[in-house]
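Asks: Right, I'll just put the structure down here and ask away after.
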Amino acid sequence: MKTLRAFIESLCSEQCAGREPGSAGGRAARALVLEAFREAGLEPVEQPVPGCSGANVLAPLRGDQDRWVLVAAHYDHVGQSGKHIFHGADDNAAAVAILLDVAQALRSRPPKGRGVLFAAFDSEEMPHFQTEAMGSEYFARHPTVPLDTIDLMVCMDLVGHAVGPDEAPDDVRRSVFALGAERSEGTGVLVDRLARSEPGLIIRRFDAETIPPLSDYWGFWRREVPFLFLTNGRWRHYHTPEDTPDKLDYPKIQATARWLERLVREACARPEPSVRFLSGVRDDASTLRSVIALTQSLEPLSPLAAAARQTAEGLLRRCDGKGRLADAERSALQMLVAQLESGLA
């Protein structure tokens with residue numbers, strides 16, 4: 001496979017023209033993904049998605065048991081508008097490059113235990129999002145492995161950029177946010193244990209309900225498949241023609257790939273015969289601890305950060321023994337996270 005940077009640049013090329021599903025650019029991007037999986041030693045297959053005239057690319061790596069960890073990223077983007085190409089380097093070429101890098105590493109030295117299904121989904125963007133024409137939703141309706149054999153679905157979206165302005169501290173810039181670990185038994189413990197295991201990266205947990213469902217994990221969540229969503233949040237170049245490869249943080253992308261490989265190996269080797277989805281569970285406390293850590297680091301840059309930290313500390317004290325806020329107070333938490341994301345964009 002090409003280097004991470006070279007592959008991202010190829011997906012963002014004029015040939016791929018913004019990777020709109022069903023377009024010539026979308027087909028060119030899919031051909032690149034298929035070729036990269038084959039170069040990694042896997043045997044990818046196309047799963048046509050009729051509603052968007054596109055296709056998912058699926059590449060299984062069989063394990064010692066008939067259970068799976070699914071690792072996914074969407075490869076489509078919004079295409080062109082007139083002469084302007086929406087390159088989608090962060091959204092979501094970087095995640096696809098990480099997906100393929102991890103696939104190559106795991107094919108070279110297969111994990112023990114569960115198999116891994118790598119999925120490059122089509123048609124995640126509007127107008128297909130949360131419709132039957134969305135690639136991941138189509139897969140969930142027509143799975144190539146039974147959904148009840150998937151013990152973890154890892155979804156990546158917007159994982160290519162450093163978090164916050166250039167002058168932000170390293171421990172902010174190196175953050176990757178992990179949502180949904182609380183929704184399955186033992187996953188939060190696993191993510192917390194690995195949170196600082198990779199130099200150059202800090203994994204910060206947020207509850208899945210802190211934001212609306214914004215990516216391919218949506219169809220799995222609503223079917224109670226354990227999931228984990230990795231993202232760096234939206235930034236100022238989101239859905240603009242300025243989302244280009246030169247603006248990405250390549251050391252962070254490489255660190256994310258190494259961290260994800262480690263996570264997948266450990267998820268495959270978990271001793272439990274299956275992983276139980278936890279419905280009705282919420283972890284506001286982890287979200288608030290992440291907000292407190294970020295705002296503490298940002299206080300030298302912004303007087304608003306101290307006020308946000310104090311608000312978060314007050315909310316954390318009001319969480320119950322299970323880490324939940326009362327429903328009436330959750331709007332304050334969601335507003336706090338929205339303000340933080342806006343400030344970091």
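Chain labels run A, B, ... following the order of the structure tokens; each chain numbers its residues from 1, and ligands are numbered from 1 in the order shown.
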What's the 10 Å shell around Leu288 in chain A, counting only C-alpha atoms, without same-chain residues fewer than 3 positions away, as a PDB file with C-alpha atoms, in the first residue's frame?

Replies:
ATOM      1  CA  ARG A 205     -14.025   9.389  26.311  1.00  0.00           C
ATOM      2  CA  PHE A 206     -17.385  11.042  25.726  1.00  0.00           C
ATOM      3  CA  ASP A 207     -20.846   9.550  26.151  1.00  0.00           C
ATOM      4  CA  ASP A 283     -21.695   7.948  31.230  1.00  0.00           C
ATOM      5  CA  ASP A 284     -21.928  11.706  31.691  1.00  0.00           C
ATOM      6  CA  ALA A 285     -19.087  11.565  34.209  1.00  0.00           C
ATOM      7  CA  VAL A 291     -14.203  18.493  29.290  1.00  0.00           C
ATOM      8  CA  ILE A 292     -12.448  19.433  32.538  1.00  0.00           C
ATOM      9  CA  ALA A 293      -9.075  18.172  31.283  1.00  0.00           C
ATOM     10  CA  LEU A 294      -9.409  20.065  27.995  1.00  0.00           C
ATOM     11  CA  ARG A 309     -14.216  24.136  33.621  1.00  0.00           C
ATOM     12  CA  THR A 311     -19.403  24.565  35.085  1.00  0.00           C
ATOM     13  CA  ALA A 312     -18.174  21.070  34.239  1.00  0.00           C
ATOM     14  CA  GLU A 313     -16.864  20.504  37.765  1.00  0.00           C
ATOM     15  CA  GLY A 314     -20.231  21.530  39.192  1.00  0.00           C
ATOM     16  CA  LEU A 315     -22.055  19.138  36.879  1.00  0.00           C
ATOM     17  CA  LEU A 316     -19.665  16.312  37.711  1.00  0.00           C
ATOM     18  CA  ARG A 317     -20.462  16.715  41.413  1.00  0.00           C
ATOM     19  CA  CYS A 319     -23.692  12.966  38.742  1.00  0.00           C
ATOM     20  CA  GLY A 323     -22.084   8.607  36.409  1.00  0.00           C
ATOM     21  CA  LEU A 333     -23.762  19.394  29.411  1.00  0.00           C
ATOM     22  CA  LEU A 336     -21.031  22.954  27.166  1.00  0.00           C
ATOM     23  CA  VAL A 337     -19.736  20.347  24.692  1.00  0.00           C
TER      24      VAL A 337
END

Asks: Give me every helix (DSSP H, G or I) residue in range 142-343 of chain A, going by DSSP on the backbone, as a count of residues only.

Replies: 94

Asks: So what do you get for CA of His239 in chain A versus CA of Ile85 in chain A, distance-wise?

Replies: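 CA of Ile85 in chain A lies 10.5 Å from CA of His239 in chain A.
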
Asks: Give me, as a PDB file with C-alpha atoms, in the first residue's frame, all polymer residues having an atom no more than 7 Å from range 32-36 of chain A, counting only C-alpha atoms and skipping those fewer than 3 positions away in the same chain.

Replies:
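Final file, around39.pdb:
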ATOM      1  CA  MET A   1       0.000   0.000   0.000  1.00  0.00           C
ATOM      2  CA  ALA A  28     -12.340   5.962  -9.042  1.00  0.00           C
ATOM      3  CA  ALA A  29     -12.093   6.220  -5.250  1.00  0.00           C
ATOM      4  CA  GLU A  39      -2.069  -4.991  -1.879  1.00  0.00           C
ATOM      5  CA  ALA A  40      -2.513  -5.623   1.857  1.00  0.00           C
ATOM      6  CA  PRO A  44     -12.164  -7.368  -0.791  1.00  0.00           C
ATOM      7  CA  VAL A  57     -16.005  -2.331   0.027  1.00  0.00           C
ATOM      8  CA  LEU A 100      -6.149   0.369   5.222  1.00  0.00           C
TER       9      LEU A 100
END

Asks: How far is it from CA of Trp259 in chain A to CA of Ser197 in chain A, in Å with one decimal?

Replies: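 Value for the CA of Trp259 in chain A-CA of Ser197 in chain A distance: 7.4 Å.
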
Asks: Need the shell around range 109-118 of chain A: protein/DNA/RNA residues with any atom at most 6 Å away, counting only C-alpha atoms. Skip same-chain ones fewer than 4 positions apart. Format as a list in words?

Replies: Leu58, Ala59, Pro60, Leu61, Arg62, Gly63, Asp64, Gln65, Arg67, Trp68, Val69, Leu70, Val71, Ala72, Arg265, Cys268 and Ala269 of chain A

Asks: How about saving the chosen residues, N, CA and C atoms kept, as an mmCIF file, in the first residue's frame?

Replies:
data_model
loop_
_atom_site.group_PDB
_atom_site.id
_atom_site.type_symbol
_atom_site.label_atom_id
_atom_site.label_comp_id
_atom_site.auth_asym_id
_atom_site.auth_seq_id
_atom_site.Cartn_x
_atom_site.Cartn_y
_atom_site.Cartn_z
ATOM 1 N N LEU A 58 -15.831 -4.371 1.325
ATOM 2 C CA LEU A 58 -15.726 -5.180 2.538
ATOM 3 C C LEU A 58 -14.580 -6.172 2.390
ATOM 4 N N ALA A 59 -13.736 -6.253 3.416
ATOM 5 C CA ALA A 59 -12.570 -7.132 3.358
ATOM 6 C C ALA A 59 -12.456 -7.903 4.667
ATOM 7 N N PRO A 60 -12.791 -9.184 4.674
ATOM 8 C CA PRO A 60 -12.711 -9.969 5.917
ATOM 9 C C PRO A 60 -11.313 -10.539 6.161
ATOM 10 N N LEU A 61 -10.944 -10.576 7.433
ATOM 11 C CA LEU A 61 -9.744 -11.268 7.891
ATOM 12 C C LEU A 61 -10.224 -12.260 8.946
ATOM 13 N N ARG A 62 -10.325 -13.514 8.572
ATOM 14 C CA ARG A 62 -10.945 -14.504 9.452
ATOM 15 C C ARG A 62 -10.058 -14.804 10.655
ATOM 16 N N GLY A 63 -10.710 -15.071 11.786
ATOM 17 C CA GLY A 63 -9.999 -15.345 13.018
ATOM 18 C C GLY A 63 -10.130 -16.786 13.453
ATOM 19 N N ASP A 64 -9.820 -17.028 14.715
ATOM 20 C CA ASP A 64 -9.886 -18.373 15.272
ATOM 21 C C ASP A 64 -11.313 -18.764 15.652
ATOM 22 N N GLN A 65 -12.206 -17.797 15.708
ATOM 23 C CA GLN A 65 -13.593 -18.059 16.077
ATOM 24 C C GLN A 65 -14.507 -17.246 15.170
ATOM 25 N N ARG A 67 -16.567 -14.947 15.374
ATOM 26 C CA ARG A 67 -17.063 -13.682 15.891
ATOM 27 C C ARG A 67 -16.148 -12.589 15.336
ATOM 28 N N TRP A 68 -16.627 -11.327 15.389
ATOM 29 C CA TRP A 68 -15.984 -10.298 14.589
ATOM 30 C C TRP A 68 -15.818 -8.979 15.330
ATOM 31 N N VAL A 69 -14.761 -8.284 14.960
ATOM 32 C CA VAL A 69 -14.616 -6.858 15.214
ATOM 33 C C VAL A 69 -14.698 -6.180 13.850
ATOM 34 N N LEU A 70 -15.616 -5.249 13.702
ATOM 35 C CA LEU A 70 -15.792 -4.543 12.436
ATOM 36 C C LEU A 70 -15.128 -3.174 12.548
ATOM 37 N N VAL A 71 -14.254 -2.825 11.609
ATOM 38 C CA VAL A 71 -13.556 -1.542 11.609
ATOM 39 C C VAL A 71 -13.963 -0.804 10.346
ATOM 40 N N ALA A 72 -14.473 0.412 10.497
ATOM 41 C CA ALA A 72 -15.131 1.066 9.368
ATOM 42 C C ALA A 72 -14.784 2.539 9.237
ATOM 43 N N ARG A 265 -6.487 -5.496 18.196
ATOM 44 C CA ARG A 265 -5.878 -6.742 18.666
ATOM 45 C C ARG A 265 -6.449 -7.142 20.029
ATOM 46 N N CYS A 268 -10.110 -8.245 19.729
ATOM 47 C CA CYS A 268 -10.222 -9.595 19.165
ATOM 48 C C CYS A 268 -9.910 -10.659 20.210
ATOM 49 N N ALA A 269 -8.956 -10.380 21.079
ATOM 50 C CA ALA A 269 -8.477 -11.374 22.040
ATOM 51 C C ALA A 269 -9.249 -11.385 23.354
#
